file protein27.cif (mmCIF, C-alpha atoms and all ligand atoms)
data_data
#
loop_
_atom_site.group_PDB
_atom_site.id
_atom_site.type_symbol
_atom_site.label_atom_id
_atom_site.label_comp_id
_atom_site.auth_asym_id
_atom_site.auth_seq_id
_atom_site.Cartn_x
_atom_site.Cartn_y
_atom_site.Cartn_z
ATOM 1 C CA MET S 53 37.556 9.684 -19.475
ATOM 2 C CA ALA S 54 34.811 11.981 -20.735
ATOM 3 C CA ASP S 55 34.314 15.498 -19.462
ATOM 4 C CA LYS S 56 32.821 15.747 -15.997
ATOM 5 C CA LEU S 57 29.996 18.253 -15.820
ATOM 6 C CA VAL S 58 29.761 20.331 -12.639
ATOM 7 C CA ILE S 59 26.622 22.381 -12.032
ATOM 8 C CA GLY S 60 26.265 24.708 -9.074
ATOM 9 C CA ASN S 61 22.661 24.978 -7.917
ATOM 10 C CA TRP S 62 22.296 28.209 -5.963
ATOM 11 C CA LYS S 63 18.686 27.359 -5.058
ATOM 12 C CA MET S 64 16.935 30.425 -3.537
ATOM 13 C CA HIS S 65 20.134 32.276 -2.661
ATOM 14 C CA GLY S 66 21.848 35.346 -4.069
ATOM 15 C CA ARG S 67 21.713 39.125 -4.458
ATOM 16 C CA HIS S 68 23.361 41.319 -7.094
ATOM 17 C CA ALA S 69 26.412 42.141 -4.975
ATOM 18 C CA PHE S 70 26.876 38.590 -3.702
ATOM 19 C CA ASN S 71 26.506 37.122 -7.196
ATOM 20 C CA ALA S 72 29.041 39.511 -8.704
ATOM 21 C CA GLN S 73 31.592 38.689 -6.017
ATOM 22 C CA LEU S 74 31.038 34.942 -6.295
ATOM 23 C CA VAL S 75 31.299 34.881 -10.096
ATOM 24 C CA LYS S 76 34.390 37.097 -10.022
ATOM 25 C CA GLN S 77 36.133 34.745 -7.625
ATOM 26 C CA LEU S 78 35.126 31.689 -9.623
ATOM 27 C CA LEU S 79 36.352 33.143 -12.908
ATOM 28 C CA SER S 80 39.737 33.930 -11.407
ATOM 29 C CA SER S 81 40.491 30.207 -11.500
ATOM 30 C CA GLU S 82 41.354 28.698 -14.886
ATOM 31 C CA GLN S 83 40.057 25.331 -13.814
ATOM 32 C CA VAL S 84 36.648 26.777 -13.108
ATOM 33 C CA ASP S 85 36.522 28.842 -16.278
ATOM 34 C CA ARG S 86 36.051 25.898 -18.591
ATOM 35 C CA ALA S 87 33.336 24.215 -20.576
ATOM 36 C CA GLY S 88 31.523 21.706 -18.402
ATOM 37 C CA VAL S 89 30.817 24.073 -15.524
ATOM 38 C CA ALA S 90 27.410 25.715 -15.170
ATOM 39 C CA LEU S 91 25.640 27.915 -12.636
ATOM 40 C CA ALA S 92 21.930 27.392 -11.955
ATOM 41 C CA VAL S 93 20.849 30.745 -10.568
ATOM 42 C CA PRO S 94 17.463 32.071 -9.409
ATOM 43 C CA ALA S 95 15.295 33.395 -12.258
ATOM 44 C CA PRO S 96 15.561 37.123 -11.400
ATOM 45 C CA TYR S 97 19.344 36.938 -11.743
ATOM 46 C CA LEU S 98 19.640 34.922 -14.961
ATOM 47 C CA VAL S 99 20.217 38.001 -17.102
ATOM 48 C CA SER S 100 22.699 39.731 -14.796
ATOM 49 C CA VAL S 101 24.688 36.560 -14.073
ATOM 50 C CA GLY S 102 24.598 35.838 -17.814
ATOM 51 C CA GLU S 103 26.266 39.229 -18.312
ATOM 52 C CA LEU S 104 28.892 38.397 -15.695
ATOM 53 C CA LEU S 105 29.644 35.126 -17.488
ATOM 54 C CA LYS S 106 30.079 36.775 -20.908
ATOM 55 C CA GLY S 107 33.553 36.068 -22.258
ATOM 56 C CA SER S 108 33.952 33.056 -19.970
ATOM 57 C CA ARG S 109 33.368 29.415 -20.828
ATOM 58 C CA LEU S 110 30.862 28.830 -18.037
ATOM 59 C CA SER S 111 27.267 28.071 -18.888
ATOM 60 C CA LEU S 112 24.110 29.541 -17.452
ATOM 61 C CA ALA S 113 21.397 27.244 -16.098
ATOM 62 C CA ALA S 114 17.855 27.787 -14.851
ATOM 63 C CA GLN S 115 16.382 26.000 -11.851
ATOM 64 C CA ASP S 116 12.910 25.446 -13.287
ATOM 65 C CA VAL S 117 10.763 26.024 -16.380
ATOM 66 C CA SER S 118 7.100 26.275 -17.244
ATOM 67 C CA GLN S 119 5.127 23.220 -18.275
ATOM 68 C CA PHE S 120 3.463 25.467 -20.886
ATOM 69 C CA ALA S 121 5.298 25.507 -24.184
ATOM 70 C CA ASP S 122 4.133 28.689 -25.863
ATOM 71 C CA ASP S 123 3.613 32.301 -24.879
ATOM 72 C CA GLY S 124 0.216 32.917 -23.366
ATOM 73 C CA ALA S 125 -1.849 33.887 -20.360
ATOM 74 C CA TYR S 126 0.204 32.007 -17.743
ATOM 75 C CA THR S 127 0.921 34.535 -15.022
ATOM 76 C CA GLY S 128 4.174 33.977 -13.212
ATOM 77 C CA GLU S 129 5.481 31.362 -15.624
ATOM 78 C CA THR S 130 8.800 31.352 -17.489
ATOM 79 C CA SER S 131 8.912 29.410 -20.742
ATOM 80 C CA ALA S 132 11.795 27.313 -22.038
ATOM 81 C CA GLN S 133 11.968 29.659 -25.022
ATOM 82 C CA MET S 134 12.481 32.607 -22.677
ATOM 83 C CA LEU S 135 15.269 30.730 -20.912
ATOM 84 C CA ALA S 136 16.897 30.103 -24.280
ATOM 85 C CA ASP S 137 16.457 33.773 -25.147
ATOM 86 C CA VAL S 138 18.364 34.917 -22.038
ATOM 87 C CA GLY S 139 21.230 32.531 -22.726
ATOM 88 C CA CYS S 140 20.588 29.429 -20.615
ATOM 89 C CA ALA S 141 22.193 26.188 -21.738
ATOM 90 C CA TYR S 142 20.772 23.883 -19.050
ATOM 91 C CA VAL S 143 17.527 23.734 -17.088
ATOM 92 C CA LEU S 144 16.968 21.718 -13.909
ATOM 93 C CA VAL S 145 13.727 19.758 -14.100
ATOM 94 C CA GLY S 146 12.083 17.855 -11.263
ATOM 95 C CA HIS S 147 14.453 18.831 -8.461
ATOM 96 C CA SER S 148 13.392 16.997 -5.298
ATOM 97 C CA GLU S 149 12.622 20.293 -3.553
ATOM 98 C CA ARG S 150 10.062 21.061 -6.254
ATOM 99 C CA ARG S 151 8.696 17.528 -6.069
ATOM 100 C CA GLN S 152 8.430 17.887 -2.281
ATOM 101 C CA TYR S 153 7.133 21.446 -1.837
ATOM 102 C CA LEU S 154 5.270 21.991 -5.122
ATOM 103 C CA LYS S 155 4.135 18.421 -5.727
ATOM 104 C CA GLU S 156 5.640 18.310 -9.203
ATOM 105 C CA GLU S 157 5.506 14.902 -10.832
ATOM 106 C CA GLY S 158 4.638 12.706 -13.799
ATOM 107 C CA ASP S 159 3.126 14.332 -16.881
ATOM 108 C CA GLN S 160 3.894 17.831 -15.703
ATOM 109 C CA LEU S 161 7.606 17.010 -15.522
ATOM 110 C CA ARG S 162 7.505 15.282 -18.885
ATOM 111 C CA ARG S 163 6.001 18.433 -20.430
ATOM 112 C CA LYS S 164 8.768 20.511 -18.877
ATOM 113 C CA LEU S 165 11.412 18.134 -20.228
ATOM 114 C CA LEU S 166 9.993 18.211 -23.730
ATOM 115 C CA ASN S 167 9.676 22.019 -23.677
ATOM 116 C CA VAL S 168 13.308 22.384 -22.663
ATOM 117 C CA ILE S 169 14.489 20.020 -25.399
ATOM 118 C CA ALA S 170 12.267 21.720 -28.009
ATOM 119 C CA ALA S 171 13.841 25.063 -27.073
ATOM 120 C CA GLY S 172 17.270 23.588 -27.841
ATOM 121 C CA LEU S 173 18.391 23.470 -24.202
ATOM 122 C CA THR S 174 19.561 20.520 -22.121
ATOM 123 C CA PRO S 175 17.331 19.449 -19.244
ATOM 124 C CA VAL S 176 19.000 18.144 -16.114
ATOM 125 C CA TYR S 177 16.354 15.737 -14.902
ATOM 126 C CA CYS S 178 16.624 15.124 -11.164
ATOM 127 C CA VAL S 179 15.635 11.835 -9.576
ATOM 128 C CA GLY S 180 16.153 10.314 -6.157
ATOM 129 C CA GLU S 181 14.477 8.508 -3.293
ATOM 130 C CA THR S 182 13.513 9.717 0.179
ATOM 131 C CA LEU S 183 14.962 8.133 3.303
ATOM 132 C CA GLU S 184 11.698 6.314 3.907
ATOM 133 C CA GLU S 185 11.750 4.867 0.385
ATOM 134 C CA ARG S 186 15.361 3.756 0.756
ATOM 135 C CA GLU S 187 14.721 2.145 4.124
ATOM 136 C CA ALA S 188 11.775 0.266 2.638
ATOM 137 C CA GLY S 189 14.087 -1.003 -0.128
ATOM 138 C CA ARG S 190 12.021 0.794 -2.764
ATOM 139 C CA HIS S 191 14.708 3.127 -4.111
ATOM 140 C CA PHE S 192 15.208 1.390 -7.453
ATOM 141 C CA ALA S 193 11.456 1.197 -8.080
ATOM 142 C CA VAL S 194 11.000 4.884 -7.206
ATOM 143 C CA ILE S 195 13.833 5.974 -9.472
ATOM 144 C CA ARG S 196 12.617 3.786 -12.337
ATOM 145 C CA GLU S 197 9.171 5.345 -12.008
ATOM 146 C CA GLN S 198 10.668 8.855 -12.036
ATOM 147 C CA LEU S 199 12.687 7.958 -15.146
ATOM 148 C CA SER S 200 9.519 6.989 -16.999
ATOM 149 C CA ALA S 201 9.122 10.719 -17.759
ATOM 150 C CA LEU S 202 12.015 10.250 -20.183
ATOM 151 C CA ASP S 203 10.306 7.572 -22.309
ATOM 152 C CA GLY S 204 11.299 7.904 -25.933
ATOM 153 C CA VAL S 205 13.451 10.982 -25.384
ATOM 154 C CA ASP S 206 16.757 11.161 -27.257
ATOM 155 C CA SER S 207 19.510 10.191 -24.797
ATOM 156 C CA GLY S 208 21.892 12.782 -26.192
ATOM 157 C CA ALA S 209 19.425 15.542 -25.344
ATOM 158 C CA VAL S 210 19.247 15.032 -21.596
ATOM 159 C CA VAL S 211 21.348 14.814 -18.441
ATOM 160 C CA VAL S 212 20.077 12.921 -15.379
ATOM 161 C CA ALA S 213 21.041 13.866 -11.824
ATOM 162 C CA TYR S 214 20.747 11.324 -9.024
ATOM 163 C CA GLU S 215 20.122 13.146 -5.769
ATOM 164 C CA PRO S 216 19.051 10.956 -2.858
ATOM 165 C CA VAL S 217 16.716 13.253 -0.905
ATOM 166 C CA TRP S 218 18.228 12.138 2.399
ATOM 167 C CA ALA S 219 21.661 13.351 1.264
ATOM 168 C CA ILE S 220 20.593 16.861 0.216
ATOM 169 C CA GLY S 221 21.721 19.606 2.550
ATOM 170 C CA THR S 222 22.151 17.093 5.360
ATOM 171 C CA GLY S 223 25.892 16.521 5.161
ATOM 172 C CA LYS S 224 25.057 12.813 4.699
ATOM 173 C CA VAL S 225 26.585 11.483 1.508
ATOM 174 C CA ALA S 226 25.509 8.235 -0.072
ATOM 175 C CA SER S 227 28.291 5.666 0.151
ATOM 176 C CA LEU S 228 30.410 5.164 -2.950
ATOM 177 C CA GLU S 229 28.827 1.717 -3.357
ATOM 178 C CA GLN S 230 25.300 3.163 -3.144
ATOM 179 C CA ILE S 231 26.131 5.827 -5.731
ATOM 180 C CA GLU S 232 27.790 3.309 -8.031
ATOM 181 C CA GLU S 233 24.882 0.868 -7.978
ATOM 182 C CA VAL S 234 22.180 3.502 -8.477
ATOM 183 C CA HIS S 235 24.066 5.187 -11.323
ATOM 184 C CA HIS S 236 24.545 1.798 -12.956
ATOM 185 C CA GLU S 237 20.817 1.112 -12.631
ATOM 186 C CA ILE S 238 19.893 4.566 -13.996
ATOM 187 C CA LYS S 239 22.052 4.009 -17.063
ATOM 188 C CA ALA S 240 20.536 0.578 -17.634
ATOM 189 C CA GLU S 241 17.004 1.959 -17.259
ATOM 190 C CA CYS S 242 17.789 4.849 -19.618
ATOM 191 C CA LEU S 243 19.049 2.361 -22.188
ATOM 192 C CA ARG S 244 15.670 0.671 -22.034
ATOM 193 C CA ARG S 245 13.628 3.861 -22.149
ATOM 194 C CA LEU S 246 15.562 6.379 -24.207
ATOM 195 C CA LYS S 247 16.241 6.553 -27.885
ATOM 196 C CA GLY S 248 19.860 6.404 -28.939
ATOM 197 C CA SER S 249 22.921 4.883 -27.398
ATOM 198 C CA ALA S 250 24.163 4.775 -23.848
ATOM 199 C CA THR S 251 25.581 8.274 -24.044
ATOM 200 C CA ILE S 252 23.403 9.502 -21.202
ATOM 201 C CA ARG S 253 25.290 11.512 -18.571
ATOM 202 C CA VAL S 254 24.365 10.959 -14.926
ATOM 203 C CA LEU S 255 25.447 13.456 -12.273
ATOM 204 C CA TYR S 256 25.484 12.846 -8.526
ATOM 205 C CA GLY S 257 24.154 15.428 -6.074
ATOM 206 C CA GLY S 258 23.764 15.500 -2.311
ATOM 207 C CA SER S 259 26.298 17.063 0.040
ATOM 208 C CA VAL S 260 29.091 17.126 -2.556
ATOM 209 C CA LYS S 261 31.947 19.096 -0.987
ATOM 210 C CA ALA S 262 35.574 19.833 -1.789
ATOM 211 C CA GLU S 263 36.576 17.001 0.574
ATOM 212 C CA ASN S 264 34.531 14.214 -1.037
ATOM 213 C CA ALA S 265 34.459 15.371 -4.670
ATOM 214 C CA ALA S 266 37.453 13.338 -5.828
ATOM 215 C CA ALA S 267 36.103 10.058 -4.467
ATOM 216 C CA ILE S 268 32.614 10.647 -5.880
ATOM 217 C CA LEU S 269 33.727 11.931 -9.280
ATOM 218 C CA SER S 270 36.109 8.988 -9.688
ATOM 219 C CA ILE S 271 33.255 6.479 -9.682
ATOM 220 C CA ASP S 272 32.877 4.957 -13.135
ATOM 221 C CA ASN S 273 29.278 5.868 -13.879
ATOM 222 C CA VAL S 274 29.409 9.328 -12.295
ATOM 223 C CA ASP S 275 29.663 11.878 -15.088
ATOM 224 C CA GLY S 276 29.658 14.956 -12.908
ATOM 225 C CA ALA S 277 28.139 16.638 -9.878
ATOM 226 C CA LEU S 278 25.159 18.801 -9.017
ATOM 227 C CA VAL S 279 26.342 20.919 -6.117
ATOM 228 C CA GLY S 280 24.084 22.853 -3.746
ATOM 229 C CA GLY S 281 25.483 24.498 -0.626
ATOM 230 C CA ALA S 282 29.139 24.249 -1.633
ATOM 231 C CA SER S 283 28.437 26.130 -4.882
ATOM 232 C CA LEU S 284 27.820 29.294 -2.849
ATOM 233 C CA VAL S 285 31.315 29.202 -1.369
ATOM 234 C CA PRO S 286 33.840 30.187 -4.038
ATOM 235 C CA GLU S 287 36.754 28.240 -2.542
ATOM 236 C CA SER S 288 34.680 25.068 -2.232
ATOM 237 C CA PHE S 289 33.114 25.242 -5.679
ATOM 238 C CA SER S 290 36.486 26.058 -7.255
ATOM 239 C CA MET S 291 38.031 23.035 -5.550
ATOM 240 C CA ILE S 292 35.243 20.771 -6.808
ATOM 241 C CA CYS S 293 35.694 22.096 -10.366
ATOM 242 C CA GLN S 294 39.451 21.651 -10.117
ATOM 243 C CA THR S 295 38.966 18.066 -9.000
ATOM 244 C CA ALA S 296 36.623 17.463 -11.950
ATOM 245 C CA THR S 297 39.130 19.005 -14.359
ATOM 246 C CA LYS S 298 41.934 16.760 -13.140
ATOM 247 C CA LEU S 299 39.757 13.726 -13.738
ATOM 248 C CA ILE S 300 39.092 14.552 -17.398
HETATM 249 P P1 LIG P 401 23.575 20.093 -1.284
HETATM 250 O O1 LIG P 401 24.852 19.998 -2.076
HETATM 251 O O2 LIG P 401 23.457 21.365 -0.505
HETATM 252 O O3 LIG P 401 23.341 18.864 -0.470
HETATM 253 O O4 LIG P 401 22.383 20.158 -2.353
HETATM 254 C C1 LIG P 401 22.325 19.228 -3.356
HETATM 255 C C2 LIG P 401 21.311 19.654 -4.343
HETATM 256 O O5 LIG P 401 20.121 19.605 -4.074
HETATM 257 C C3 LIG P 401 21.770 20.175 -5.646
HETATM 258 O O6 LIG P 401 20.726 20.304 -6.543
#

call {"tool": "encode", "arguments": {"input": "protein27.cif", "output": "structure tokens"}}
result
Amino acid sequence: MADKLVIGNWKMHGRHAFNAQLVKQLLSSEQVDRAGVALAVPAPYLVSVGELLKGSRLSLAAQDVSQFADDGAYTGETSAQMLADVGCAYVLVGHSERRQYLKEEGDQLRRKLLNVIAAGLTPVYCVGETLEEREAGRHFAVIREQLSALDGVDSGAVVVAYEPVWAIGTGKVASLEQIEEVHHEIKAECLRRLKGSATIRVLYGGSVKAENAAAILSIDNVDGALVGGASLVPESFSMICQTATKLI
């Protein structure tokens, strides 16, 4: 079984003291301090958390990136090249919270994806349907449309994360059957749209906790997890990483 990738998405949480304590506790576990674990931290803390991770095998990830490729008069923006410069390995693109609150979509997300890849980093492209879309039976169509941003991209260059919006921060997890069938569909769609083989990795996100990690990560087409709330609790995130390590 290939490596399972576990990414903790801190969202808009953290302060210097909290971050230092959390990272220290995480690094005290050998099963967390391994390749295939990354922390997506808020932009102001990328450099300091990067320092804390020095000498460990954990990777640094950003939660967003500018749609503009090159340096210029874009106040407030952070380019993919800057993220590379401060040591990021992964960048979340198109998280549902940004789609929902900042209306990110379509061409804008494709530009972000291409900028991240051009900077030599790996985008983690987030897709997923709302409750309304699922109840209307439109989830596959919605996800296929979201995946169109990946047209022609090299499959080795990108990770996809399936996060059903209704399962994020709600404690509601998609059933194992729902996860399995959507991941299968995502891989099939990626085969159609992306260059290269079927090497695409698809993570699941949405209320992943220590208690359900083993069942979710054991599903065939689940190549890892994107963890929100539980990534802020050292014991929980460590447990999830340990579970992922045992499944390698
Ligand atoms: P929760 O794990 O808090 O549901 O968040 C999932 C998520 O959005 C990760 O990106």

call {"tool": "residues_around", "arguments": {"input": "protein27.cif", "residues": "stretch 283-288 of chain S", "least_positions_apart": "6", "cutoff": "6 Å", "atoms": "all atoms listed in the file", "output": "PDB file with C-alpha atoms, keeping the file's coordinate frame"}}
result
ATOM      1  CA  GLY S  60      26.265  24.708  -9.074  1.00  0.00           C
ATOM      2  CA  LEU S  74      31.038  34.942  -6.295  1.00  0.00           C
ATOM      3  CA  LEU S  78      35.126  31.689  -9.623  1.00  0.00           C
ATOM      4  CA  ALA S 262      35.574  19.833  -1.789  1.00  0.00           C
TER       5      ALA S 262
END

call {"tool": "residues_around", "arguments": {"input": "protein27.cif", "residues": "S:Arg162", "least_positions_apart": "6", "cutoff": "10 Å", "atoms": "all atoms listed in the file", "output": "JSON, numbers by chain"}}
result
{"S": [119, 145, 146, 168, 177, 198, 199, 200, 201, 202, 203, 205]}

call {"tool": "closest_residue", "arguments": {"input": "protein27.cif", "among": "S:Ala277, S:Phe70, S:Gly128, S:Arg196", "to": "S:Arg245", "atoms": "all atoms listed in the file"}}
result
S:Arg196

call {"tool": "residues_near_ligand", "arguments": {"input": "protein27.cif", "ligand": "ligand LIG 401 (chain P)", "cutoff": "8 Å", "atoms": "all atoms listed in the file", "output": "list of chain:residue names"}}
result
S:Gly60, S:Asn61, S:Lys63, S:His147, S:Ser148, S:Glu149, S:Glu215, S:Val217, S:Ala219, S:Ile220, S:Gly221, S:Thr222, S:Gly223, S:Gly257, S:Gly258, S:Ser259, S:Val260, S:Lys261, S:Leu278, S:Val279, S:Gly280, S:Gly281, S:Ala282, S:Ser283

call {"tool": "write_last_selection", "arguments": {"input": "protein27.cif", "atoms": "C-alpha atoms", "output": "PDB file, in the frame of the given file"}}
result
ATOM      1  CA  GLY S  60      26.265  24.708  -9.074  1.00  0.00           C
ATOM      2  CA  ASN S  61      22.661  24.978  -7.917  1.00  0.00           C
ATOM      3  CA  LYS S  63      18.686  27.359  -5.058  1.00  0.00           C
ATOM      4  CA  HIS S 147      14.453  18.831  -8.461  1.00  0.00           C
ATOM      5  CA  SER S 148      13.392  16.997  -5.298  1.00  0.00           C
ATOM      6  CA  GLU S 149      12.622  20.293  -3.553  1.00  0.00           C
ATOM      7  CA  GLU S 215      20.122  13.146  -5.769  1.00  0.00           C
ATOM      8  CA  VAL S 217      16.716  13.253  -0.905  1.00  0.00           C
ATOM      9  CA  ALA S 219      21.661  13.351   1.264  1.00  0.00           C
ATOM     10  CA  ILE S 220      20.593  16.861   0.216  1.00  0.00           C
ATOM     11  CA  GLY S 221      21.721  19.606   2.550  1.00  0.00           C
ATOM     12  CA  THR S 222      22.151  17.093   5.360  1.00  0.00           C
ATOM     13  CA  GLY S 223      25.892  16.521   5.161  1.00  0.00           C
ATOM     14  CA  GLY S 257      24.154  15.428  -6.074  1.00  0.00           C
ATOM     15  CA  GLY S 258      23.764  15.500  -2.311  1.00  0.00           C
ATOM     16  CA  SER S 259      26.298  17.063   0.040  1.00  0.00           C
ATOM     17  CA  VAL S 260      29.091  17.126  -2.556  1.00  0.00           C
ATOM     18  CA  LYS S 261      31.947  19.096  -0.987  1.00  0.00           C
ATOM     19  CA  LEU S 278      25.159  18.801  -9.017  1.00  0.00           C
ATOM     20  CA  VAL S 279      26.342  20.919  -6.117  1.00  0.00           C
ATOM     21  CA  GLY S 280      24.084  22.853  -3.746  1.00  0.00           C
ATOM     22  CA  GLY S 281      25.483  24.498  -0.626  1.00  0.00           C
ATOM     23  CA  ALA S 282      29.139  24.249  -1.633  1.00  0.00           C
ATOM     24  CA  SER S 283      28.437  26.130  -4.882  1.00  0.00           C
TER      25      SER S 283
END

call {"tool": "closest_residue", "arguments": {"input": "protein27.cif", "among": "S:Leu255, S:Glu197, S:Gly208, S:Leu105", "to": "S:Ser80", "atoms": "all atoms listed in the file"}}
result
S:Leu105

call {"tool": "resolve_selection", "arguments": {"input": "protein27.cif", "expression": "the PyMOL selection byres (((chain S and resi 225-235) around 12) and not hetatm)", "output": "ChimeraX atom specification"}}
result
/S:179-181,183,186,190-196,212-224,236-242,252-261,263-277

call {"tool": "resolve_selection", "arguments": {"input": "protein27.cif", "expression": "the PyMOL selection byres (((chain S and resi 91-103) around 6) and not hetatm)", "output": "ChimeraX atom specification"}}
result
/S:59-62,90,104-106,112-115

call {"tool": "atom_distance", "arguments": {"input": "protein27.cif", "atom1": "atom CA of S:Val58", "atom2": "atom CA of S:Ala132"}}
result
21.4 Å

call {"tool": "closest_residue", "arguments": {"input": "protein27.cif", "among": "S:Gln73, S:Ser207, S:Ser81, S:Thr295", "to": "S:Pro175", "atoms": "all atoms listed in the file"}}
result
S:Ser207

call {"tool": "atom_distance", "arguments": {"input": "protein27.cif", "atom1": "atom CA of S:Met134", "atom2": "atom CA of S:Ser290"}}
result
29.3 Å

call {"tool": "atom_distance", "arguments": {"input": "protein27.cif", "atom1": "atom CA of S:Ala121", "atom2": "atom CA of S:Leu135"}}
result
11.7 Å

call {"tool": "closest_residue", "arguments": {"input": "protein27.cif", "among": "S:Leu154, S:Ala171, S:Leu161, S:Val84", "to": "S:Ser131", "atoms": "only C-alpha atoms"}}
result
S:Ala171

call {"tool": "closest_residue", "arguments": {"input": "protein27.cif", "among": "S:Gly172, S:Glu157, S:Arg163, S:Ala125", "to": "S:Asp137", "atoms": "all atoms listed in the file"}}
result
S:Gly172

call {"tool": "axis_aligned_box", "arguments": {"input": "protein27.cif", "around": "stretch 157-171 of chain S", "padding_each_side": "3 Å", "output": "lines of an AutoDock Vina configuration file"}}
result
center_x = 8.8
center_y = 18.9
center_z = -19.4
size_x = 17.4
size_y = 18.4
size_z = 23.2
